[in-house]
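Next comes model.csv, a file with CSV, C-alpha atoms and all ligand atoms.
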chain,number,residue,atom,x,y,z
A,1310,MET,CA,-18.4,0.9,-7.1
A,1311,SER,CA,-15.6,-1.1,-8.7
A,1312,PRO,CA,-13.9,-0.1,-11.9
A,1313,SER,CA,-15.5,-3.0,-13.6
A,1314,SER,CA,-18.0,-0.3,-14.6
A,1315,SER,CA,-16.7,0.9,-18.0
A,1316,GLU,CA,-17.6,4.4,-19.2
A,1317,SER,CA,-19.9,4.1,-22.2
A,1318,GLY,CA,-22.8,5.7,-24.1
A,1319,ILE,CA,-26.3,4.6,-23.1
A,1320,GLU,CA,-27.0,3.5,-26.6
A,1321,THR,CA,-24.7,0.5,-26.0
A,1322,PHE,CA,-26.5,-0.6,-22.8
A,1323,PRO,CA,-28.3,-3.9,-22.5
A,1324,SER,CA,-32.0,-3.4,-23.0
A,1325,PRO,CA,-34.1,-3.6,-19.8
A,1326,SER,CA,-36.7,-6.3,-19.8
A,1327,PRO,CA,-40.4,-5.4,-20.4
A,1328,SER,CA,-41.1,-5.7,-16.7
A,1329,ALA,CA,-38.1,-3.5,-15.8
A,1330,ARG,CA,-39.3,-0.9,-18.3
A,1331,GLU,CA,-42.8,-1.0,-16.8
A,1332,HIS,CA,-41.3,-0.6,-13.3
A,1333,SER,CA,-39.2,2.4,-14.5
A,1334,GLU,CA,-42.3,4.0,-16.1
A,1335,LYS,CA,-44.2,3.7,-12.8
A,1336,LEU,CA,-41.5,5.5,-10.9
A,1337,THR,CA,-41.2,8.1,-13.7
A,1338,ALA,CA,-44.9,8.8,-13.4
A,1339,GLN,CA,-44.6,9.1,-9.7
A,1340,ILE,CA,-41.7,11.6,-9.9
A,1341,ARG,CA,-43.5,13.5,-12.7
A,1342,ALA,CA,-46.6,13.8,-10.5
A,1343,GLU,CA,-44.5,15.3,-7.7
A,1344,ILE,CA,-42.9,17.8,-10.1
A,1345,ASP,CA,-46.4,18.9,-11.2
A,1346,ARG,CA,-47.6,19.2,-7.5
A,1347,GLU,CA,-44.5,21.3,-6.8
A,1348,GLY,CA,-45.3,23.7,-9.6
A,1349,GLY,CA,-43.1,22.4,-12.3
A,1350,SER,CA,-39.7,21.5,-10.8
A,1351,ILE,CA,-38.0,19.8,-7.9
A,1352,GLY,CA,-34.5,20.0,-6.5
A,1353,PHE,CA,-32.0,17.4,-7.6
A,1354,PRO,CA,-31.7,15.9,-4.0
A,1355,ARG,CA,-35.4,15.1,-4.0
A,1356,PHE,CA,-35.1,13.6,-7.5
A,1357,MET,CA,-32.2,11.4,-6.4
A,1358,GLU,CA,-34.0,10.4,-3.2
A,1359,LEU,CA,-37.1,9.3,-5.2
A,1360,ALA,CA,-35.0,7.5,-7.9
A,1361,LEU,CA,-33.1,5.5,-5.3
A,1362,TYR,CA,-35.4,5.1,-2.3
A,1363,SER,CA,-39.0,5.7,-3.3
A,1364,PRO,CA,-40.8,2.8,-1.4
A,1365,GLY,CA,-41.2,-0.2,-3.6
A,1366,LEU,CA,-40.0,1.5,-6.7
A,1367,GLY,CA,-36.7,3.3,-6.1
A,1368,TYR,CA,-33.4,1.6,-7.2
A,1369,TYR,CA,-32.5,0.5,-3.7
A,1370,SER,CA,-36.0,-0.2,-2.6
A,1371,ALA,CA,-37.1,-2.5,-5.4
A,1372,GLY,CA,-36.0,-6.0,-6.4
A,1373,SER,CA,-33.2,-5.6,-9.0
A,1374,ARG,CA,-30.0,-7.5,-8.5
A,1375,LYS,CA,-27.8,-4.4,-8.0
A,1376,PHE,CA,-24.6,-6.0,-6.5
A,1377,GLY,CA,-22.1,-8.5,-8.0
A,1378,GLY,CA,-21.4,-9.8,-11.5
A,1379,GLU,CA,-25.0,-10.0,-12.6
A,1380,GLY,CA,-25.9,-6.7,-11.0
A,1381,ASP,CA,-24.9,-3.2,-11.8
A,1382,PHE,CA,-21.7,-2.7,-9.8
A,1383,VAL,CA,-19.3,-4.4,-7.4
A,1384,THR,CA,-18.4,-3.2,-4.0
A,1385,ALA,CA,-15.3,-4.2,-2.0
A,1386,PRO,CA,-17.2,-6.8,0.2
A,1387,GLU,CA,-18.8,-8.2,-2.9
A,1388,LEU,CA,-15.5,-9.1,-4.5
A,1389,GLY,CA,-15.0,-11.9,-2.0
A,1390,PRO,CA,-14.0,-12.4,1.6
A,1391,LEU,CA,-10.6,-10.6,1.6
A,1392,PHE,CA,-11.9,-7.1,2.4
A,1393,ALA,CA,-13.9,-8.5,5.5
A,1394,ARG,CA,-11.0,-10.6,6.6
A,1395,CYS,CA,-8.6,-7.6,6.7
A,1396,LEU,CA,-11.3,-5.5,8.4
A,1397,ALA,CA,-11.8,-8.2,11.0
A,1398,ARG,CA,-8.0,-8.1,11.8
A,1399,TRP,CA,-8.2,-4.3,12.1
A,1400,LEU,CA,-11.1,-4.6,14.5
A,1401,VAL,CA,-9.3,-7.1,16.7
A,1402,ASN,CA,-6.4,-4.7,17.1
A,1403,ARG,CA,-8.6,-1.7,17.7
A,1404,THR,CA,-11.1,-3.0,20.2
A,1405,PRO,CA,-10.4,-4.0,23.9
A,1406,GLU,CA,-9.7,-7.7,24.3
A,1407,SER,CA,-12.3,-8.1,27.1
A,1408,GLY,CA,-15.9,-7.2,27.1
A,1409,PRO,CA,-18.6,-7.8,24.5
A,1410,LEU,CA,-18.0,-6.4,21.0
A,1411,ASP,CA,-20.9,-4.9,19.1
A,1412,ILE,CA,-21.0,-3.7,15.5
A,1413,LEU,CA,-23.5,-1.4,13.9
A,1414,GLU,CA,-23.4,-1.6,10.1
A,1415,ILE,CA,-25.2,1.1,8.2
A,1416,GLY,CA,-26.4,0.3,4.7
A,1417,ALA,CA,-25.4,-3.4,4.6
A,1418,GLY,CA,-26.3,-4.0,0.9
A,1419,SER,CA,-26.5,-7.8,0.3
A,1420,GLY,CA,-25.3,-8.6,3.8
A,1421,GLU,CA,-22.0,-10.0,2.4
A,1422,LEU,CA,-19.7,-8.0,4.7
A,1423,ALA,CA,-21.8,-9.0,7.8
A,1424,VAL,CA,-21.6,-12.7,6.8
A,1425,GLU,CA,-17.8,-12.6,6.4
A,1426,LEU,CA,-17.0,-10.4,9.4
A,1427,LEU,CA,-19.0,-12.6,11.8
A,1428,ALA,CA,-17.3,-15.7,10.5
A,1429,GLU,CA,-13.8,-14.2,10.5
A,1430,LEU,CA,-14.1,-12.7,14.0
A,1431,ASP,CA,-15.2,-16.1,15.3
A,1432,ARG,CA,-12.1,-17.7,13.6
A,1433,LEU,CA,-9.9,-15.0,15.2
A,1434,GLY,CA,-11.2,-15.8,18.6
A,1435,ARG,CA,-12.9,-12.4,19.0
A,1436,PRO,CA,-16.6,-13.3,18.6
A,1437,LEU,CA,-19.2,-10.6,18.3
A,1438,ASN,CA,-21.9,-10.0,20.9
A,1439,ARG,CA,-24.3,-8.3,18.5
A,1440,TYR,CA,-24.2,-7.2,14.9
A,1441,CYS,CA,-26.9,-4.6,14.3
A,1442,ILE,CA,-27.9,-3.4,10.8
A,1443,LEU,CA,-29.5,-0.1,10.0
A,1444,GLU,CA,-30.9,-0.3,6.4
A,1445,VAL,CA,-33.3,2.1,4.6
A,1446,SER,CA,-34.2,-0.4,1.9
A,1447,ALA,CA,-36.9,-2.9,2.8
A,1448,GLU,CA,-35.9,-5.1,-0.1
A,1449,LEU,CA,-32.2,-5.1,0.9
A,1450,ARG,CA,-33.2,-5.7,4.5
A,1451,ALA,CA,-35.1,-8.9,3.4
A,1452,ARG,CA,-32.1,-10.0,1.4
A,1453,GLN,CA,-29.8,-9.4,4.4
A,1454,GLN,CA,-32.2,-11.4,6.6
A,1455,GLN,CA,-32.0,-14.3,4.1
A,1456,ALA,CA,-28.2,-14.2,4.0
A,1457,LEU,CA,-27.9,-14.0,7.8
A,1458,ARG,CA,-30.9,-16.1,8.7
A,1459,ARG,CA,-29.2,-18.6,11.0
A,1460,ASN,CA,-27.3,-16.0,13.0
A,1461,GLU,CA,-29.0,-15.1,16.3
A,1462,ARG,CA,-26.4,-12.3,17.0
A,1463,VAL,CA,-27.7,-10.2,14.1
A,1464,CYS,CA,-30.5,-7.7,14.5
A,1465,TRP,CA,-32.1,-5.0,12.3
A,1466,LEU,CA,-32.9,-1.5,13.6
A,1467,ASP,CA,-35.6,0.8,12.3
A,1468,THR,CA,-33.9,3.9,13.5
A,1469,TRP,CA,-30.6,5.0,15.0
A,1470,PRO,CA,-30.0,3.4,18.4
A,1471,ASP,CA,-30.2,5.6,21.5
A,1472,SER,CA,-26.8,4.8,22.9
A,1473,PHE,CA,-24.6,2.4,21.0
A,1474,ASN,CA,-21.2,1.2,22.3
A,1475,GLY,CA,-18.9,-0.4,19.8
A,1476,VAL,CA,-17.9,-0.1,16.1
A,1477,VAL,CA,-20.0,1.7,13.5
A,1478,LEU,CA,-19.2,0.7,9.8
A,1479,ALA,CA,-20.5,2.1,6.6
A,1480,ASN,CA,-19.1,1.0,3.2
A,1481,GLU,CA,-20.2,3.0,0.2
A,1482,VAL,CA,-23.2,4.6,2.0
A,1483,VAL,CA,-22.2,8.3,2.0
A,1484,ASP,CA,-21.8,8.2,-1.8
A,1485,ALA,CA,-25.4,7.0,-2.0
A,1486,LEU,CA,-26.9,10.0,0.0
A,1487,PRO,CA,-28.7,12.4,-2.3
A,1488,VAL,CA,-26.7,15.4,-3.6
A,1489,GLU,CA,-27.4,18.9,-4.8
A,1490,ARG,CA,-26.1,19.8,-8.2
A,1491,PHE,CA,-24.9,23.2,-9.1
A,1492,GLU,CA,-23.3,25.3,-11.8
A,1493,ILE,CA,-21.5,28.6,-11.8
A,1494,GLY,CA,-23.3,30.9,-14.2
A,1495,PRO,CA,-22.3,34.4,-15.3
A,1496,GLY,CA,-24.3,35.9,-12.4
A,1497,GLY,CA,-23.1,33.4,-9.8
A,1498,PRO,CA,-24.0,29.9,-8.6
A,1499,CYS,CA,-27.3,28.3,-9.4
A,1500,GLY,CA,-28.9,25.0,-8.4
A,1501,LEU,CA,-29.6,22.4,-11.1
A,1502,GLY,CA,-33.1,21.1,-10.5
A,1503,VAL,CA,-35.3,18.8,-12.4
A,1504,CYS,CA,-38.4,19.4,-14.6
A,1505,TRP,CA,-40.4,17.4,-17.2
A,1506,ARG,CA,-40.2,18.7,-20.7
A,1507,ASP,CA,-40.5,17.1,-24.2
A,1508,GLY,CA,-41.3,13.7,-22.8
A,1509,GLY,CA,-38.5,13.4,-20.4
A,1510,PHE,CA,-36.8,14.7,-17.2
A,1511,ARG,CA,-34.6,17.7,-17.9
A,1512,GLU,CA,-32.2,19.9,-16.0
A,1513,LEU,CA,-33.4,23.3,-15.0
A,1514,ARG,CA,-31.4,26.2,-13.4
A,1515,LEU,CA,-32.8,27.3,-10.1
A,1516,PRO,CA,-31.8,30.3,-8.0
A,1517,ALA,CA,-29.2,29.4,-5.4
A,1518,GLY,CA,-30.4,29.1,-1.8
A,1519,LYS,CA,-28.4,30.2,1.2
A,1520,ALA,CA,-26.9,26.7,1.7
A,1521,LEU,CA,-25.6,26.5,-1.8
A,1522,LEU,CA,-24.1,30.0,-1.7
A,1523,GLN,CA,-22.4,29.2,1.5
A,1524,ARG,CA,-21.0,25.8,0.2
A,1525,VAL,CA,-19.6,27.5,-2.9
A,1526,ALA,CA,-18.0,30.2,-0.8
A,1527,GLU,CA,-16.4,27.4,1.4
A,1528,ILE,CA,-15.2,25.6,-1.7
A,1529,GLU,CA,-13.7,28.8,-3.2
A,1530,ALA,CA,-11.9,29.5,0.1
A,1531,CYS,CA,-10.5,26.0,0.0
A,1532,VAL,CA,-9.4,25.9,-3.6
A,1533,GLY,CA,-8.1,29.5,-3.2
A,1534,THR,CA,-9.8,30.9,-6.3
A,1535,SER,CA,-13.3,31.6,-7.7
A,1536,LEU,CA,-14.9,28.7,-9.5
A,1537,PRO,CA,-15.0,29.5,-13.2
A,1538,VAL,CA,-18.2,30.1,-15.1
A,1539,GLY,CA,-19.5,26.8,-16.5
A,1540,PHE,CA,-18.0,24.8,-13.5
A,1541,ARG,CA,-20.5,22.1,-12.4
A,1542,SER,CA,-20.4,19.9,-9.4
A,1543,GLU,CA,-22.4,18.6,-6.5
A,1544,TYR,CA,-22.4,18.4,-2.7
A,1545,CYS,CA,-24.4,16.4,-0.2
A,1546,PRO,CA,-26.8,18.7,1.7
A,1547,MET,CA,-27.8,16.1,4.3
A,1548,LEU,CA,-24.3,15.0,5.3
A,1549,GLU,CA,-24.2,17.2,8.4
A,1550,ALA,CA,-27.5,16.0,9.7
A,1551,TRP,CA,-26.6,12.4,8.9
A,1552,MET,CA,-23.3,12.7,10.9
A,1553,ARG,CA,-25.2,14.4,13.7
A,1554,SER,CA,-27.6,11.4,13.9
A,1555,LEU,CA,-24.7,9.0,13.8
A,1556,SER,CA,-22.9,10.9,16.6
A,1557,ALA,CA,-26.0,11.1,18.7
A,1558,ALA,CA,-26.4,7.3,18.5
A,1559,LEU,CA,-22.8,6.7,19.6
A,1560,GLU,CA,-22.1,6.7,23.3
A,1561,ARG,CA,-18.6,5.3,23.0
A,1562,GLY,CA,-16.7,3.6,20.1
A,1563,ILE,CA,-15.2,4.0,16.7
A,1564,VAL,CA,-16.7,4.8,13.3
A,1565,LEU,CA,-15.2,3.6,10.0
A,1566,LEU,CA,-16.6,5.2,6.9
A,1567,ALA,CA,-15.3,3.8,3.6
A,1568,ASP,CA,-16.1,5.4,0.3
A,1569,TYR,CA,-14.7,6.8,-2.9
A,1570,GLY,CA,-13.9,10.5,-3.0
A,1571,LEU,CA,-11.3,13.2,-2.4
A,1572,PRO,CA,-10.3,16.0,-0.1
A,1573,ARG,CA,-12.2,19.2,-1.1
A,1574,SER,CA,-9.3,21.0,-2.8
A,1575,GLU,CA,-9.0,18.0,-5.2
A,1576,LEU,CA,-12.6,17.2,-5.6
A,1577,TYR,CA,-13.5,20.8,-6.7
A,1578,HIS,CA,-10.3,21.3,-8.8
A,1579,ARG,CA,-11.1,23.1,-12.1
A,1580,ASP,CA,-10.0,19.9,-14.0
A,1581,ARG,CA,-13.1,18.2,-12.4
A,1582,GLY,CA,-15.4,20.9,-13.7
A,1583,GLN,CA,-18.1,18.5,-14.9
A,1584,GLY,CA,-18.6,17.0,-11.4
A,1585,THR,CA,-18.5,13.4,-10.3
A,1586,LEU,CA,-22.1,12.3,-10.5
A,1587,ARG,CA,-22.1,8.8,-12.0
A,1588,CYS,CA,-24.8,6.3,-12.8
A,1589,HIS,CA,-24.2,2.5,-12.9
A,1590,TYR,CA,-26.3,0.1,-14.9
A,1591,ARG,CA,-25.1,-3.5,-15.6
A,1592,HIS,CA,-21.4,-2.5,-15.1
A,1593,ARG,CA,-21.6,0.5,-17.4
A,1594,ALA,CA,-20.9,3.9,-16.0
A,1595,HIS,CA,-22.3,7.2,-17.4
A,1596,ASP,CA,-23.5,10.6,-16.2
A,1597,ASP,CA,-27.2,10.8,-17.2
A,1598,PRO,CA,-29.4,10.4,-14.1
A,1599,PHE,CA,-32.6,11.0,-16.2
A,1600,VAL,CA,-32.5,7.6,-18.1
A,1601,LEU,CA,-33.3,4.2,-16.7
A,1602,VAL,CA,-34.9,5.8,-13.7
A,1603,GLY,CA,-35.2,3.3,-10.8
A,1604,LEU,CA,-33.1,0.8,-12.8
A,1605,GLN,CA,-29.7,2.4,-12.3
A,1606,ASP,CA,-27.7,3.5,-9.3
A,1607,ILE,CA,-26.8,7.2,-9.0
A,1608,THR,CA,-23.8,8.3,-6.9
A,1609,ALA,CA,-21.4,11.1,-6.4
A,1610,TRP,CA,-17.9,11.2,-5.0
A,1611,VAL,CA,-17.6,12.1,-1.3
A,1612,ASP,CA,-16.1,15.4,-0.2
A,1613,PHE,CA,-13.9,14.0,2.6
A,1614,THR,CA,-13.2,17.5,4.0
A,1615,ALA,CA,-17.0,18.0,4.4
A,1616,LEU,CA,-17.3,14.6,6.0
A,1617,ALA,CA,-14.4,15.3,8.4
A,1618,ASP,CA,-15.9,18.7,9.3
A,1619,ALA,CA,-19.4,17.2,9.8
A,1620,GLY,CA,-18.0,14.5,12.2
A,1621,ILE,CA,-15.9,17.0,14.2
A,1622,ASP,CA,-18.8,19.5,14.4
A,1623,ALA,CA,-21.0,16.6,15.6
A,1624,GLY,CA,-18.6,16.1,18.5
A,1625,LEU,CA,-16.5,13.1,17.2
A,1626,GLU,CA,-12.8,12.9,17.1
A,1627,LEU,CA,-11.2,12.5,13.7
A,1628,GLU,CA,-8.6,9.7,14.1
A,1629,GLY,CA,-7.4,9.3,10.5
A,1630,PHE,CA,-7.9,9.3,6.8
A,1631,VAL,CA,-6.1,6.8,4.6
A,1632,THR,CA,-6.5,5.2,1.2
A,1633,GLN,CA,-8.2,1.8,1.0
A,1634,ALA,CA,-4.9,0.2,-0.1
A,1635,HIS,CA,-3.0,1.6,3.0
A,1636,PHE,CA,-5.8,0.6,5.3
A,1637,LEU,CA,-5.9,-3.0,4.0
A,1638,LEU,CA,-2.1,-3.4,3.9
A,1639,GLY,CA,-1.8,-1.9,7.4
A,1640,ALA,CA,-4.5,-4.3,8.6
A,1641,GLY,CA,-2.6,-7.4,7.5
A,1642,MET,CA,-3.5,-8.2,3.9
A,1643,THR,CA,0.1,-9.2,3.0
A,1644,GLU,CA,0.2,-11.7,5.8
A,1645,LEU,CA,-3.1,-13.2,4.7
A,1646,LEU,CA,-1.9,-13.6,1.2
A,1647,ALA,CA,1.4,-15.1,2.3
A,1648,ALA,CA,-0.5,-17.6,4.5
A,1649,GLU,CA,-2.7,-18.5,1.6
A,1650,ALA,CA,0.2,-18.9,-0.8
A,1651,GLU,CA,2.0,-21.2,1.7
A,1652,SER,CA,-1.0,-23.5,1.6
A,1653,GLY,CA,-0.7,-23.7,-2.2
A,1654,GLN,CA,-3.8,-21.6,-2.8
A,1655,PHE,CA,-4.1,-18.3,-4.6
A,1656,GLY,CA,-7.8,-17.4,-4.5
A,1657,LEU,CA,-7.4,-14.2,-2.6
A,1658,ARG,CA,-4.8,-12.7,-5.0
A,1659,GLU,CA,-7.2,-11.5,-7.6
A,1660,GLN,CA,-9.3,-9.8,-4.9
A,1661,ALA,CA,-6.2,-8.2,-3.5
A,1662,LYS,CA,-5.3,-6.7,-6.9
A,1663,GLN,CA,-8.8,-5.1,-7.3
A,1664,LEU,CA,-8.8,-3.9,-3.7
A,1665,VAL,CA,-5.3,-2.2,-3.6
A,1666,LEU,CA,-4.0,-1.4,-7.0
A,1667,PRO,CA,-4.0,2.4,-7.7
A,1668,GLY,CA,-5.8,2.0,-11.0
A,1669,GLU,CA,-8.5,-0.2,-9.4
A,1670,MET,CA,-10.0,0.6,-6.0
A,1671,GLY,CA,-6.8,1.2,-4.0
A,1672,GLU,CA,-6.5,4.9,-4.2
A,1673,ARG,CA,-10.0,6.1,-5.2
A,1674,PHE,CA,-11.4,4.6,-2.1
A,1675,LYS,CA,-10.6,6.0,1.3
A,1676,MET,CA,-11.2,5.1,4.9
A,1677,MET,CA,-12.1,7.8,7.4
A,1678,VAL,CA,-12.1,6.9,11.1
A,1679,PHE,CA,-13.8,8.8,14.0
A,1680,SER,CA,-14.0,7.9,17.6
A,1681,ARG,CA,-15.6,8.9,20.9
A,1682,ASP,CA,-14.1,8.2,24.2
A,1683,TRP,CA,-11.8,5.5,22.7
A,1684,PRO,CA,-8.1,4.8,23.6
A,1685,ASP,CA,-6.0,6.9,21.2
A,1686,ASP,CA,-3.6,4.1,20.2
A,1687,ARG,CA,-6.5,1.9,19.1
A,1688,ALA,CA,-8.4,4.2,16.8
A,1689,GLU,CA,-6.0,5.1,13.9
A,1690,PRO,CA,-7.0,3.5,10.6
A,1691,GLY,CA,-3.5,2.5,9.3
A,1692,ILE,CA,-0.4,3.6,7.6
A,1693,HIS,CA,0.1,6.9,5.7
A,1694,ASP,CA,-2.4,9.1,7.3
A,1695,MET,CA,-3.6,11.9,5.0
A,1696,ARG,CA,-5.5,14.2,7.4
A,1697,HIS,CA,-3.1,17.0,6.4
A,1698,ARG,CA,-4.7,16.9,2.9
A,1699,LEU,CA,-8.2,17.6,4.1
A,1701,LIG,C1,-23.9,1.3,-2.6
A,1701,LIG,S1,-24.8,0.4,-1.4
A,1701,LIG,C2,-23.5,-0.3,-0.4
A,1701,LIG,C3,-23.9,-1.6,0.2
A,1701,LIG,C4,-22.8,-2.3,1.1
A,1701,LIG,N1,-22.4,-1.5,2.2
A,1701,LIG,C5,-21.6,-2.7,0.2
A,1701,LIG,O1,-20.6,-2.2,0.4
A,1701,LIG,O2,-21.8,-3.7,-0.6
A,1701,LIG,C6,-25.5,1.6,-0.4
A,1701,LIG,C7,-26.3,1.0,0.8
A,1701,LIG,O3,-26.6,2.0,1.7
A,1701,LIG,C8,-28.0,1.9,2.0
A,1701,LIG,N2,-28.4,3.3,2.5
A,1701,LIG,C9,-28.5,4.4,1.7
A,1701,LIG,N3,-28.8,5.5,2.5
A,1701,LIG,C10,-29.0,5.0,3.8
A,1701,LIG,C11,-29.3,5.6,5.0
A,1701,LIG,N4,-29.6,6.9,5.1
A,1701,LIG,N5,-29.3,4.8,6.1
A,1701,LIG,C12,-29.1,3.5,6.0
A,1701,LIG,N6,-28.8,2.9,4.9
A,1701,LIG,C13,-28.7,3.6,3.7
A,1701,LIG,C14,-28.6,1.4,0.7
A,1701,LIG,O4,-29.9,0.9,0.8
A,1701,LIG,C15,-27.6,0.3,0.4
A,1701,LIG,O5,-27.7,-0.8,1.2
In structure tokens, what does this structure look like?
Amino acid sequence: MSPSSSESGIETFPSPSPSAREHSEKLTAQIRAEIDREGGSIGFPRFMELALYSPGLGYYSAGSRKFGGEGDFVTAPELGPLFARCLARWLVNRTPESGPLDILEIGAGSGELAVELLAELDRLGRPLNRYCILEVSAELRARQQQALRRNERVCWLDTWPDSFNGVVLANEVVDALPVERFEIGPGGPCGLGVCWRDGGFRELRLPAGKALLQRVAEIEACVGTSLPVGFRSEYCPMLEAWMRSLSAALERGIVLLADYGLPRSELYHRDRGQGTLRCHYRHRAHDDPFVLVGLQDITAWVDFTALADAGIDAGLELEGFVTQAHFLLGAGMTELLAAEAESGQFGLREQAKQLVLPGEMGERFKMMVFSRDWPDDRAEPGIHDMRHRL
């Protein structure tokens, strides 16, 4: 999500319309009913899954605008064509000149990246054979089909393919996977689940399971000290299974995962003791997942050390880890801007600032590249590799 999301208190938020409120109330009732069925509480990953993906009602499954100026947040492909145009150049240099090129995009949002990539690869003389999209949201899938309706090379998959050859892309998908929240109490770590009390969703401390205890031990080994009492954060419990599915689907090719996040030692630094869970509603960012249920996005920063480990454990080769700025500059952004300036136009410059400046998306966002059975010199993501920081 772009920094156009300013941090603010929810009392200053634009009021949802009556129909949006009604929608949120329906989803709230559904989650509440599940809490009752489960004996009074559910884990946070389940709450986040329902809030984002409950069929027909979750934030991503229902019809709100989500992306762009009139939505809740802006992603790199939504800023304009520059991100896709750089990515296309990177792909041309990383894929063999001969033979058909296939792309599998996971979580394609509005379809903007697919539209621009297909056009730019055609312009660069490296046309695609197939552009497959794997999307969990039926509503976004319909929107993508609308945006890409005249392109016969695009197809939608219901599940991971059996054996894919080519390039797998996922921009801001890992940060949208449900997370577990935890806190370090006086007696050790506990999970932060969800219950219903006094007319609203509330946080509730739950005994730590084996997976949480193990993750906290791994984090402490990485940061080199015990996490202090009161430290709160999150981790993604389904990351390993998700990477295993991705790896099982890939026979040969490269995987580019772009997201905001940090290596583990920085993500769980004691200065970040309140975690990184953020909610986005109409370009306002805040940290209360229990309001505007179904109307706001909920995300958490990615632990890139966990992502790297998950990929390697799933049998992929880790090829590199760079900031978005270094990826885009290495892929040829400067040349693209220079060519535009020469023709007397400057439309891409604003996009460039947002994509690469350190205070904007340039450093918060990172690119991680994996490969399977791919020529070494073709897989690296760009300049200033940071794998040593993982
Ligand atoms: C934050 S949006 C990013 C959309 C787009 N990639 C972009 O950059 O604008 C997250 C996207 O991932 C999709 N998504 C989330 N979990 C997914 C999963 N397990 N498999 C496939 N898509 C998923 C969402 O429905 C949505 O399209």
For this session: Taking the point (-25.8, 5.0, 17.4) as given in the file, collect each protein or nucleic acid residue that comes within 12 Å of it, counting all atoms listed in the file, and present the set as a PyMOL selection string.
Result: chain A and resi 1411-1415+1441-1443+1466-1478+1551-1564+1681
Exercise. For Pro1405 in chain A, which of A:Leu1501, A:Arg1435, A:Gly1582, A:Lys1519 is the closest residue, counting all atoms listed in the file?
Worked result: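 Residue with the minimum atom-to-atom distance to Pro1405 in chain A: A:Arg1435.
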Cut-off 12 Å around (-40.0, 5.0, -12.8) with all atoms listed in the file: residues as a PDB file with C-alpha atoms, in the coordinates of the input:
ATOM      1  CA  SER A1328     -41.100  -5.700 -16.700  1.00  0.00           C
ATOM      2  CA  ALA A1329     -38.100  -3.500 -15.800  1.00  0.00           C
ATOM      3  CA  ARG A1330     -39.300  -0.900 -18.300  1.00  0.00           C
ATOM      4  CA  GLU A1331     -42.800  -1.000 -16.800  1.00  0.00           C
ATOM      5  CA  HIS A1332     -41.300  -0.600 -13.300  1.00  0.00           C
ATOM      6  CA  SER A1333     -39.200   2.400 -14.500  1.00  0.00           C
ATOM      7  CA  GLU A1334     -42.300   4.000 -16.100  1.00  0.00           C
ATOM      8  CA  LYS A1335     -44.200   3.700 -12.800  1.00  0.00           C
ATOM      9  CA  LEU A1336     -41.500   5.500 -10.900  1.00  0.00           C
ATOM     10  CA  THR A1337     -41.200   8.100 -13.700  1.00  0.00           C
ATOM     11  CA  ALA A1338     -44.900   8.800 -13.400  1.00  0.00           C
ATOM     12  CA  GLN A1339     -44.600   9.100  -9.700  1.00  0.00           C
ATOM     13  CA  ILE A1340     -41.700  11.600  -9.900  1.00  0.00           C
ATOM     14  CA  ARG A1341     -43.500  13.500 -12.700  1.00  0.00           C
ATOM     15  CA  ALA A1342     -46.600  13.800 -10.500  1.00  0.00           C
ATOM     16  CA  PHE A1356     -35.100  13.600  -7.500  1.00  0.00           C
ATOM     17  CA  MET A1357     -32.200  11.400  -6.400  1.00  0.00           C
ATOM     18  CA  LEU A1359     -37.100   9.300  -5.200  1.00  0.00           C
ATOM     19  CA  ALA A1360     -35.000   7.500  -7.900  1.00  0.00           C
ATOM     20  CA  LEU A1361     -33.100   5.500  -5.300  1.00  0.00           C
ATOM     21  CA  TYR A1362     -35.400   5.100  -2.300  1.00  0.00           C
ATOM     22  CA  SER A1363     -39.000   5.700  -3.300  1.00  0.00           C
ATOM     23  CA  PRO A1364     -40.800   2.800  -1.400  1.00  0.00           C
ATOM     24  CA  GLY A1365     -41.200  -0.200  -3.600  1.00  0.00           C
ATOM     25  CA  LEU A1366     -40.000   1.500  -6.700  1.00  0.00           C
ATOM     26  CA  GLY A1367     -36.700   3.300  -6.100  1.00  0.00           C
ATOM     27  CA  TYR A1368     -33.400   1.600  -7.200  1.00  0.00           C
ATOM     28  CA  ALA A1371     -37.100  -2.500  -5.400  1.00  0.00           C
ATOM     29  CA  GLY A1509     -38.500  13.400 -20.400  1.00  0.00           C
ATOM     30  CA  PHE A1510     -36.800  14.700 -17.200  1.00  0.00           C
ATOM     31  CA  PRO A1598     -29.400  10.400 -14.100  1.00  0.00           C
ATOM     32  CA  PHE A1599     -32.600  11.000 -16.200  1.00  0.00           C
ATOM     33  CA  VAL A1600     -32.500   7.600 -18.100  1.00  0.00           C
ATOM     34  CA  LEU A1601     -33.300   4.200 -16.700  1.00  0.00           C
ATOM     35  CA  VAL A1602     -34.900   5.800 -13.700  1.00  0.00           C
ATOM     36  CA  GLY A1603     -35.200   3.300 -10.800  1.00  0.00           C
ATOM     37  CA  LEU A1604     -33.100   0.800 -12.800  1.00  0.00           C
ATOM     38  CA  GLN A1605     -29.700   2.400 -12.300  1.00  0.00           C
TER      39      GLN A1605
END
For this session: Compile the contact shell of Trp1505 in chain A as JSON, numbers by chain: residues with an atom at most 9 Å away, counting all atoms listed in the file, same-chain residues fewer than 5 positions apart removed.
Result: {"A": [1341, 1344, 1345, 1349, 1350, 1510, 1511, 1512]}
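Interatomic distance, CA of Gln1455 in chain A to CA of Arg1432 in chain A: 22.3 Å.
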For this session: Enter the distance from CA of Ala1609 in chain A to CA of Tyr1544 in chain A, in Å, rounded to one decimal.
Result: 8.2 Å
Exercise. To one decimal place, how far is CA of Gly1668 in chain A from CA of Gln1633 in chain A in Å?
Worked result: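 Atom-to-atom, CA of Gly1668 in chain A and CA of Gln1633 in chain A are spaced 12.2 Å apart.
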